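Asks: Okay, here's the structure, questions in a sec.
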Amino acid sequence: MPLKISYRTINKEFQDKVKEISGQSFYKCFQCGTCAGSCPMSEQMNTTPRKLMALLQLGREVMLDEVNTPWVCASCYTCEVRCPRGIDIPRIMEALRLITLRQNRNQIEPSNLQPEEIIDLPQIAMVSGFRKFTG
Amino acid sequence: MKISYYPGCTLKTRAKNLETSALAAMDALGLEVEELTRWNCCGAVFSLADDDLIHIVAPVRDLIRVKESGHDTVVTLCSMCYNTLARANELMKTDEVKRKTINDFMDEEPDYAGEVRVYHLLDFLRDEIGWDKLKEMVKKPLTDLKVAPYYGCTLLRPADVAIDKPDNPRILHDFLSALGAEVIDFPGALQCCGTYQILGNPEAALSASKDILADATGHGAEALALACPLCDYNLGHKQDIMMTKYDGLKEVPIYYFTQLLAVALGLSSDEVNRFDINRESAKQLLESKSLIA
């Protein structure tokens, strides 16, 4: 898909926010795709981690609104141990999640969990799920 | 040598079988562990944001409790607790600026700088007992039991807290070999089970878990051994749903590595192993191999 790039499509403020929260530089990515090839969840993603890095480099905040990648990421760290550029990609995913969650836009509502689910689920599933999907 | 034991929340409820089998096995091995008298939830996942230090306070408090107890080592059984405590410890050891912020924030607590050694029971057994000695202590070798070691994520990644080589671990293989089991190597051993996505995107988690189970049985495994209660939930507890959803998926019992340790040490009672919490096939398989009565 061709992407139009101009000074109007680059959201520098958004790029800076991702860099500040994650402490990582997505500019280091040279698009080798090792992350996408290693990611156990990439089948469920509409945008692979590699492509997401490219969108970040191009400052395409508007397009990132439709990307499900950070919400499907399981923070398994497979991409991080394999990235030849040493980018901690899960931290970039966390930054993208937090930018949304900090606007009180929860991805799951704990109050919607059914009593039988609460009884069934181990605590670590709920604590980690709430940490990743609620603000 | 006395060491602190940090159980974590899930071991007191859904994963009692992990705790009871581990405590009995450690006792049989002559390891003196003392549960922390006060502990809190570690937070289950380590904070990955540079500006979010508040979520690191909880695991650091637990580490301060270890130091207060007079011990210099803490052992955990749950992989997620291990990861969270070990990473918080690394941060307090290496990041001077964040260490100061966290210590200043917790002005009611003594300062902490990563003095405690955080172990998972697996690397503790390797370093303190060793596989040769463990082999000698085995009373009931798990002969003919084809077990696939499943590592998951949090014992191996990121590399700075890995209990073995992150890309080619042998620790669980060696542990199972010492117990006399037939170890089944399979590529899915390091893949993620989908973890907390069972809450956010259950389909994604089940699909990831299904691949792991199919891979293990495809390589001839009769059972999986693991250390994480969330992996156990996705791979074990959710197996019935996966079997109805995905054609050809075979039933496979899931054990905590501590249950196999207890059985191999001759501790076969129901109180120790609590197989009633596992899939029904877990107890049946061991009975069929005459490993438990």
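Within each chain, counting starts at residue 1; across the structure tokens, chains are named A, B, ... in the order shown, with ligands numbered 1 upward in that order.
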Using 6 Å as the limit and counting only C-alpha atoms, can you tabulate each residue of chain B that touches chain A, with its shortest atom-to-atom distance in Å and the two atoms involved, as a Markdown table?
Replies:
| residue | atom | partner | partner_atom | distance |
| --- | --- | --- | --- | --- |
| B:Thr10 | CA | A:Gln123 | CA | 5.5 |
| B:Arg14 | CA | A:Pro122 | CA | 5.7 |
| B:Ala44 | CA | A:Ser128 | CA | 5.5 |
| B:Val45 | CA | A:Ser128 | CA | 5.7 |
| B:Leu48 | CA | A:Arg91 | CA | 5.2 |
| B:Ala49 | CA | A:Ser22 | CA | 5.3 |
| B:Asp50 | CA | A:Ile21 | CA | 5.2 |
| B:Asp51 | CA | A:Ile21 | CA | 5.9 |
| B:Cys153 | CA | A:Cys76 | CA | 5.5 |
| B:Arg157 | CA | A:Tyr77 | CA | 5.9 |
| B:Tyr196 | CA | A:Gly129 | CA | 5.0 |
Asks: Find the spatial neighbours of Ser177 in chain B, counting only C-alpha atoms, within a cut-off of 10 Å - ignore same-chain residues fewer than 2 positions away - and output them as a list in words.
Replies: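 What passes the distance filter is Trp131, Lys135, Pro141, Leu142, Thr143, Val147, Ile171, Leu172, His173, Asp174, Phe175, Leu179, Gly180, Ala181, Glu182 and Val183 of chain B.
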Asks: Could you check which of A:Ser6, A:Thr34, A:Gln114, A:Thr47 is closest to Thr69 in chain A, using only C-alpha atoms?
Replies: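 Closest to Thr69 in chain A, using only C-alpha atoms: A:Thr47.
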Asks: In range 33-117 of chain B, what's alpha helix (DSSP H) per DSSP? Answer as a PyMOL selection string?
Replies: chain B and resi 54-68+79-94+96-105
Asks: Give the strand (DSSP E or B) residues of range 64-278 of chain B, as assigned by DSSP on the backbone, as a list of chain:residue names.
Replies: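 So, restricting range 64-278 of chain B to strand (DSSP E or B), we get B:Thr73, B:Val74, B:Val75, B:Thr76, B:Arg117, B:Val118, B:Tyr119, B:His120, B:Lys146, B:Val147, B:Ala148, B:Pro149, B:Glu182, B:Val183, B:Ala223, B:Leu224, B:Ala225, B:Leu226, B:Ile254, B:Tyr255, B:Tyr256.
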Asks: Using only C-alpha atoms, pick whichever of B:Gly30, B:Pro110, B:Pro7, B:Gly218 has the shortest atom-to-atom distance to Glu68 in chain B.
Replies: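 Among the listed residues, the smallest separation from Glu68 in chain B belongs to B:Pro110.
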Asks: Could you pull the residues within 10 Å of Ile198 in chain B, counting only C-alpha atoms, minus those fewer than 3 positions along the same chain, as a ChimeraX atom specification?
Replies: /A:74,121,125-126,129 /B:193-195,201-206,230,233-234,238
Asks: Write a file of the selected residues as a short mmCIF file (atom, residue, chain, number, x, y, z; two decimals), in the first residue's frame, keeping N, CA and C atoms.
Replies:
data_model
loop_
_atom_site.label_atom_id
_atom_site.label_comp_id
_atom_site.auth_asym_id
_atom_site.auth_seq_id
_atom_site.Cartn_x
_atom_site.Cartn_y
_atom_site.Cartn_z
N ALA A 74 1.47 -10.08 23.88
CA ALA A 74 1.40 -10.77 25.18
C ALA A 74 2.64 -10.47 26.04
N LEU A 121 -10.88 -17.94 37.03
CA LEU A 121 -9.58 -17.40 36.61
C LEU A 121 -8.56 -17.35 37.74
N ALA A 125 -3.92 -14.08 36.19
CA ALA A 125 -4.55 -13.75 34.90
C ALA A 125 -5.29 -12.42 35.04
N MET A 126 -6.01 -12.27 36.15
CA MET A 126 -6.79 -11.03 36.32
C MET A 126 -5.87 -9.83 36.59
N GLY A 129 -4.01 -9.04 33.36
CA GLY A 129 -4.95 -8.54 32.36
C GLY A 129 -5.41 -7.12 32.68
N CYS B 193 2.10 -19.01 25.70
CA CYS B 193 0.79 -19.66 25.73
C CYS B 193 -0.34 -18.67 25.48
N GLY B 194 -0.01 -17.39 25.39
CA GLY B 194 -1.06 -16.37 25.22
C GLY B 194 -1.31 -15.59 26.50
N THR B 195 -0.85 -16.11 27.60
CA THR B 195 -0.88 -15.46 28.92
C THR B 195 -2.16 -14.67 29.20
N ASN B 201 -8.14 -11.14 24.68
CA ASN B 201 -8.42 -11.76 23.38
C ASN B 201 -8.36 -13.28 23.52
N PRO B 202 -9.39 -13.88 24.14
CA PRO B 202 -9.33 -15.32 24.42
C PRO B 202 -9.04 -16.17 23.19
N GLU B 203 -9.56 -15.76 22.04
CA GLU B 203 -9.32 -16.55 20.82
C GLU B 203 -7.83 -16.65 20.51
N ALA B 204 -7.15 -15.52 20.66
CA ALA B 204 -5.71 -15.46 20.38
C ALA B 204 -4.94 -16.36 21.34
N ALA B 205 -5.32 -16.30 22.63
CA ALA B 205 -4.62 -17.11 23.63
C ALA B 205 -4.86 -18.60 23.38
N LEU B 206 -6.10 -18.96 23.07
CA LEU B 206 -6.40 -20.38 22.84
C LEU B 206 -5.68 -20.91 21.60
N LEU B 230 -0.43 -19.54 35.14
CA LEU B 230 -1.22 -19.00 34.03
C LEU B 230 -1.05 -19.89 32.78
N TYR B 233 -3.25 -22.75 33.38
CA TYR B 233 -4.66 -22.41 33.13
C TYR B 233 -4.97 -22.49 31.63
N ASN B 234 -4.12 -21.84 30.83
CA ASN B 234 -4.37 -21.80 29.39
C ASN B 234 -4.20 -23.18 28.74
N LYS B 238 -8.04 -24.97 30.08
CA LYS B 238 -8.81 -24.62 28.88
C LYS B 238 -8.75 -25.71 27.80
#
Asks: CA of Gly266 in chain B and CA of Thr76 in chain B are how many Å apart?
Replies: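 Computing the Euclidean distance for CA of Gly266 in chain B and CA of Thr76 in chain B yields 22.8 Å.
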Asks: Determine, counting only C-alpha atoms, which protein, DNA and RNA residues have an atom within 9 Å of an atom of Asn89 in chain B; residues of the same chain fewer than 6 positions away are not included. Present the result as a VMD selection string.
Replies: chain B and resid 59 to 60 63 113 to 118
Asks: So that I can see what lies close to range 252-254 of chain B, please list as a list of chain:residue names the residues with an atom at most 9 Å from it, counting only C-alpha atoms and leaving out residues fewer than 3 positions away in the same chain.
Replies: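 My reading of the contact set: B:Leu213, B:Ala216, B:Thr217, B:Ala221, B:Glu222, B:Ala223, B:Leu224, B:Ala225, B:Leu226, B:Asp232, B:Leu235, B:Gly236, B:Gln239, B:Asn278, B:Arg279, B:Glu280, B:Ser281, B:Ala282, B:Lys283, B:Leu285.
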